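Trainee: Contents of model.txt (compact mmCIF, C-alpha atoms) are below:
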# COMPACT_ATOMS: atom_id res chain seq x y z
CA MET A 11 -16.01 -15.68 23.52
CA GLY A 12 -14.00 -15.62 20.27
CA VAL A 13 -11.35 -13.20 19.15
CA LEU A 14 -12.76 -10.08 17.52
CA THR A 15 -11.67 -9.75 13.90
CA MET A 16 -12.15 -6.95 11.42
CA GLU A 17 -12.06 -6.77 7.64
CA TYR A 18 -8.92 -5.21 6.14
CA ILE A 19 -8.74 -4.25 2.48
CA PHE A 20 -5.34 -3.91 0.80
CA THR A 21 -3.56 -4.77 -2.43
CA LEU A 22 -0.37 -6.72 -3.02
CA ARG A 23 1.36 -6.11 -6.37
CA TYR A 24 3.92 -8.57 -7.66
CA GLN A 25 6.27 -9.16 -10.55
CA TRP A 26 5.95 -12.73 -11.77
CA LYS A 27 8.95 -14.44 -13.30
CA GLY A 28 7.15 -17.67 -14.06
CA PRO A 29 6.71 -19.29 -17.46
CA ASP A 30 4.39 -17.69 -20.02
CA GLY A 31 1.00 -19.33 -20.27
CA GLU A 32 1.02 -20.55 -16.67
CA THR A 33 -1.03 -17.72 -15.16
CA GLU A 34 -4.24 -19.77 -14.91
CA HIS A 35 -2.37 -22.46 -12.99
CA LEU A 36 -0.81 -19.79 -10.72
CA ILE A 37 -4.24 -18.27 -9.99
CA GLU A 38 -5.62 -21.71 -9.06
CA ARG A 39 -2.64 -22.33 -6.75
CA LEU A 40 -3.08 -18.92 -5.10
CA GLY A 41 -6.75 -19.69 -4.40
CA ALA A 42 -5.93 -23.09 -2.97
CA GLY A 43 -3.01 -21.60 -1.00
CA GLY A 44 -5.11 -19.26 1.12
CA CYS A 45 -5.62 -16.32 -1.25
CA ASP A 46 -9.26 -17.12 -1.97
CA ASP A 47 -10.19 -13.80 -0.33
CA ALA A 48 -8.38 -11.84 -3.06
CA LEU A 49 -9.54 -10.46 -6.35
CA ILE A 50 -6.70 -11.25 -8.74
CA GLY A 51 -5.86 -9.01 -11.65
CA LEU A 52 -3.44 -9.46 -14.52
CA GLY A 53 -2.55 -6.21 -16.23
CA HIS A 54 0.86 -5.70 -17.69
CA PRO A 55 2.76 -8.82 -18.76
CA GLY A 56 4.65 -10.23 -15.81
CA ARG A 57 2.56 -8.35 -13.24
CA ILE A 58 -0.13 -9.63 -10.91
CA ALA A 59 -2.18 -7.68 -8.37
CA MET A 60 -4.27 -9.15 -5.58
CA GLU A 61 -6.85 -7.03 -3.77
CA PHE A 62 -7.48 -8.73 -0.46
CA SER A 63 -10.48 -8.41 1.81
CA ARG A 64 -9.06 -10.28 4.79
CA GLU A 65 -10.49 -10.88 8.24
CA ALA A 66 -7.88 -10.55 10.99
CA VAL A 67 -7.33 -9.21 14.50
CA ASP A 68 -5.20 -6.34 13.15
CA ALA A 69 -3.73 -4.95 9.94
CA GLU A 70 -0.35 -6.53 10.48
CA SER A 71 -1.85 -10.01 10.85
CA ALA A 72 -3.94 -9.46 7.71
CA ILE A 73 -1.08 -8.29 5.50
CA ARG A 74 1.61 -10.60 6.89
CA SER A 75 -0.63 -13.66 6.49
CA ALA A 76 -1.40 -12.69 2.87
CA LEU A 77 2.32 -12.18 2.15
CA GLU A 78 3.07 -15.59 3.68
CA ASN A 79 0.27 -17.26 1.67
CA VAL A 80 1.61 -15.82 -1.60
CA SER A 81 5.22 -16.69 -0.74
CA ALA A 82 4.27 -20.30 0.03
CA VAL A 83 2.58 -20.65 -3.38
CA SER A 84 5.40 -19.43 -5.61
CA LYS A 85 8.99 -18.28 -5.29
CA ASP A 86 8.61 -16.70 -8.77
CA LEU A 87 6.48 -13.87 -7.32
CA HIS A 88 8.47 -10.82 -6.19
CA LEU A 89 6.72 -8.10 -4.20
CA ILE A 90 6.57 -4.71 -5.92
CA GLU A 91 4.40 -2.92 -3.38
CA VAL A 92 1.67 -3.07 -0.79
CA ALA A 93 -1.16 -0.57 -1.31
CA PRO A 94 -2.55 1.81 -0.34
CA ASP A 95 0.66 3.72 0.18
CA LEU A 96 1.79 6.18 -2.48
CA VAL A 97 -0.99 8.52 -3.63
CA GLY A 98 -1.55 11.73 -5.52
CA LEU A 99 -3.88 14.46 -4.30
CA THR A 100 -6.89 12.99 -6.11
CA ASP A 101 -6.47 9.56 -4.50
CA ALA A 102 -5.76 11.09 -1.09
CA ALA A 103 -8.90 13.21 -1.36
CA GLU A 104 -10.97 10.09 -2.10
CA TRP A 105 -9.58 8.31 0.98
CA VAL A 106 -10.40 11.33 3.15
CA GLY A 107 -13.80 11.88 1.58
CA ILE A 108 -13.30 15.39 0.19
CA SER A 109 -12.92 16.80 -3.30
CA ARG A 110 -9.57 17.11 -5.02
CA GLN A 111 -10.02 20.88 -5.02
CA GLY A 112 -10.68 20.81 -1.27
CA MET A 113 -7.53 18.75 -0.73
CA ARG A 114 -5.46 21.14 -2.85
CA LYS A 115 -6.87 24.14 -0.97
CA LEU A 116 -5.92 22.57 2.37
CA MET A 117 -2.44 21.70 1.09
CA LEU A 118 -1.84 25.28 -0.10
CA SER A 119 -3.35 27.05 2.89
CA HIS A 120 -1.55 24.81 5.42
CA TRP A 121 1.74 24.53 3.55
CA GLN A 122 3.77 24.71 6.77
CA THR A 123 2.18 21.62 8.32
CA PHE A 124 0.86 19.62 5.36
CA PRO A 125 2.96 16.47 4.84
CA ARG A 126 5.93 16.68 2.52
CA PRO A 127 5.56 14.77 -0.74
CA VAL A 128 7.94 11.87 -1.39
CA HIS A 129 8.13 12.98 -5.01
CA GLU A 130 7.43 16.43 -6.35
CA GLY A 131 7.02 17.26 -10.01
CA SER A 132 4.22 17.63 -12.51
CA VAL A 133 2.56 14.96 -10.38
CA SER A 134 3.42 14.97 -6.68
CA ILE A 135 3.10 11.85 -4.56
CA TRP A 136 2.66 11.39 -0.81
CA HIS A 137 2.50 8.51 1.60
CA LEU A 138 -1.20 8.06 2.35
CA ALA A 139 -0.34 7.36 6.00
CA ASP A 140 1.17 10.84 6.37
CA ILE A 141 -1.90 12.53 4.93
CA LEU A 142 -4.35 10.47 7.01
CA SER A 143 -2.33 11.20 10.14
CA TRP A 144 -2.39 14.94 9.34
CA PHE A 145 -6.18 14.86 8.96
CA GLU A 146 -6.60 12.85 12.17
CA ALA A 147 -4.53 15.46 14.05
CA ARG A 148 -6.66 18.30 12.62
CA GLY A 149 -9.89 16.66 13.74
CA GLY A 150 -13.28 17.06 12.14
CA TYR A 151 -12.70 14.35 9.53
CA SER A 152 -13.93 10.78 9.67
CA ILE A 153 -10.82 8.69 8.99
CA ASP A 154 -11.28 4.91 9.19
CA SER A 155 -8.72 3.61 11.69
CA ARG A 156 -8.33 0.40 9.66
CA THR A 157 -7.34 2.44 6.60
CA SER A 158 -4.79 4.40 8.64
CA GLU A 159 -3.41 1.17 10.07
CA ILE A 160 -3.13 -0.46 6.64
CA ALA A 161 -1.56 2.66 5.06
CA GLU A 162 1.07 2.93 7.81
CA LEU A 163 1.97 -0.75 7.56
CA ALA A 164 2.03 -0.61 3.74
CA ARG A 165 4.50 2.30 3.93
CA ARG A 166 6.73 0.39 6.35
CA ILE A 167 6.73 -2.80 4.28
CA ASN A 168 7.37 -0.90 1.04
CA LEU A 169 10.28 1.00 2.59
CA GLU A 170 11.76 -2.23 3.96
CA ASN A 171 11.33 -3.83 0.53
CA ARG A 172 13.07 -0.90 -1.21
CA ILE A 173 15.97 -1.01 1.23
CA MET A 174 16.40 -4.76 0.68
CA ARG A 175 16.37 -4.25 -3.11
CA SER A 176 18.86 -1.39 -2.91
CA SER A 177 22.33 -2.11 -4.26
CA GLN A 178 23.92 0.36 -1.84
CA PRO A 179 24.39 -0.33 1.85
CA LEU A 180 22.16 1.94 3.92
CA ASP A 181 25.10 3.65 5.66
CA ARG A 182 26.43 4.87 2.27
CA LEU A 183 23.17 6.53 1.21
CA ALA A 184 23.05 10.32 1.41
CA LEU A 185 19.95 11.04 3.45
Re-express the file's structure as C-alpha cells.
Mentor:
Amino acid sequence: MGVLTMEYIFTLRYQWKGPDGETEHLIERLGAGGCDDALIGLGHPGRIAMEFSREAVDAESAIRSALENVSAVSKDLHLIEVAPDLVGLTDAAEWVGISRQGMRKLMLSHWQTFPRPVHEGSVSIWHLADILSWFEARGGYSIDSRTSEIAELARRINLENRIMRSSQPLDRLAL
C-alpha cells in the first residue's frame, strides 16, 4: 500500500535579479526543474509568482520541495513570501466561507478574543493562520485542515525569511 498524499495549494512569490528578456528561459527551466505543477505569473518587473498545486504527504513536504526546486533552478530568485499568509478581512472571509460583513461583525463583537492584526491602519492585516485557528476553536465552521496547515507553515517561513533579511540582530530588536 502506497503513502497517502494530498493536494496542497500555495503560492511562492520571488524577486528575480536575472537579466532582462530571459524570463521565457527561466520559465522553461522552472518547468523542467520540478515546478511543472505551478501556474507561473509575471506581474511587476522583476517579480515572479508561482501558484503550486502539489501532491505531498503534508504541507511542509509540499512547500519545502517547491522551495528546493526553485532554488536549484536559479540563484537569482529571492523569496519574497509564501502565501496564503497575510490577509485583510475580505480575503480572510473568503477563506472561511463567510461574507466580509459577517467577518467584520465577528471581529467587532468578539474583540477580546479575535486575533490581533499584524498591521493596523486604513487597511488592517492579519496572519491567516491566526484567523483560521480562531474559527476552528469556535467550532461550527468548516475549515480545511490543509489550508490551516499551509497558512501556519507560510507564516513560519515568512517570519524566518524576514528575520534573515533583517539588518539588526534579533536580540537588539525591541519586541
Trainee: Which one of A:Leu87, A:Ala66, A:Leu96, A:Ile73 sits closest to Pro29 of chain A if you count all atoms listed in the file?
Mentor: A:Leu87
Trainee: By how many Å are atom CA of Arg64 of chain A and atom CA of Glu17 of chain A apart?
Mentor: 5.4 Å
Trainee: Could you write out as lines of an AutoDock Vina configuration file the box around segment 41-45 of chain A (axis-aligned, all atoms listed in the file, 3 Å on each side), with centre and edge lengths in Å to one decimal?
Mentor:
center_x = -4.9
center_y = -19.7
center_z = -1.6
size_x = 9.7
size_y = 12.8
size_z = 11.5
Trainee: Nearest to Arg166 of chain A: which of A:Glu61, A:Glu32, A:Glu70, A:Asp47 is it, counting only C-alpha atoms?
Mentor: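 Of all the options, A:Glu70 lies closest to Arg166 of chain A.
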Trainee: Of the candidates A:Ile135, A:Leu22, A:Met16, A:Leu163, which one gets nearest to His88 of chain A if we count all atoms listed in the file?
Mentor: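 Going through A:Ile135, A:Leu22, A:Met16, A:Leu163 one by one, the smallest distance to His88 of chain A is for A:Leu22.
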Trainee: Determine the nearest neighbour of Val13 of chain A from the options A:Thr100, A:Pro127, A:Arg110, A:Asp68, counting only C-alpha atoms.
Mentor: A:Asp68
Trainee: Closest to Glu78 of chain A among A:Leu99, A:Ile37, A:Met113, A:Cys45, using all atoms listed in the file?
Mentor: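 Comparing A:Leu99, A:Ile37, A:Met113, A:Cys45 against Glu78 of chain A, the winner is A:Cys45.
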Trainee: Between atom CA of Leu52 of chain A and atom CA of Ala102 of chain A, what is the spacing in Å?
Mentor: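 Interatomic distance here is 24.7 Å.
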Trainee: How many Å separate atom CA of Leu89 of chain A from atom CA of Glu162 of chain A?
Mentor: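 Going from atom CA of Leu89 of chain A over to atom CA of Glu162 of chain A covers 17.3 Å.
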Trainee: Given the point (-3.6, -22.0, -8.0) in the coordinates of this file, which residues lie within 12 Å, counting all atoms listed in the file, and how would they look as an MDAnalysis selection string?
Mentor: chainID A and resid 32:46 50 79:80 82:84
Trainee: Neighbours of Pro125 of chain A within 10 Å (only C-alpha atoms; same-chain residues fewer than 6 positions away dropped), as a list in words?
Mentor: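 Final neighbour list, sorted by chain and number: Met117, Trp136, His137, Leu138, Ala139, Asp140, Ile141, Leu142, Ser143 and Trp144 of chain A.
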Trainee: Just the residues within 8 Å of Ala48 of chain A, please, counting all atoms listed in the file, with nothing from its chain fewer than 4 positions along; format it as a list in words.
Mentor: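 Near neighbours after the sequence-gap exclusion: Met60, Glu61, Phe62 and Ser63 of chain A.
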Trainee: Take the residues from that selection and put them in a file with C-alpha atoms, as an mmCIF file, in the frame of the given file.
Mentor:
data_model
loop_
_atom_site.group_PDB
_atom_site.id
_atom_site.type_symbol
_atom_site.label_atom_id
_atom_site.label_comp_id
_atom_site.auth_asym_id
_atom_site.auth_seq_id
_atom_site.Cartn_x
_atom_site.Cartn_y
_atom_site.Cartn_z
ATOM 1 C CA MET A 60 -4.270 -9.150 -5.580
ATOM 2 C CA GLU A 61 -6.850 -7.030 -3.770
ATOM 3 C CA PHE A 62 -7.480 -8.730 -0.460
ATOM 4 C CA SER A 63 -10.480 -8.410 1.810
#
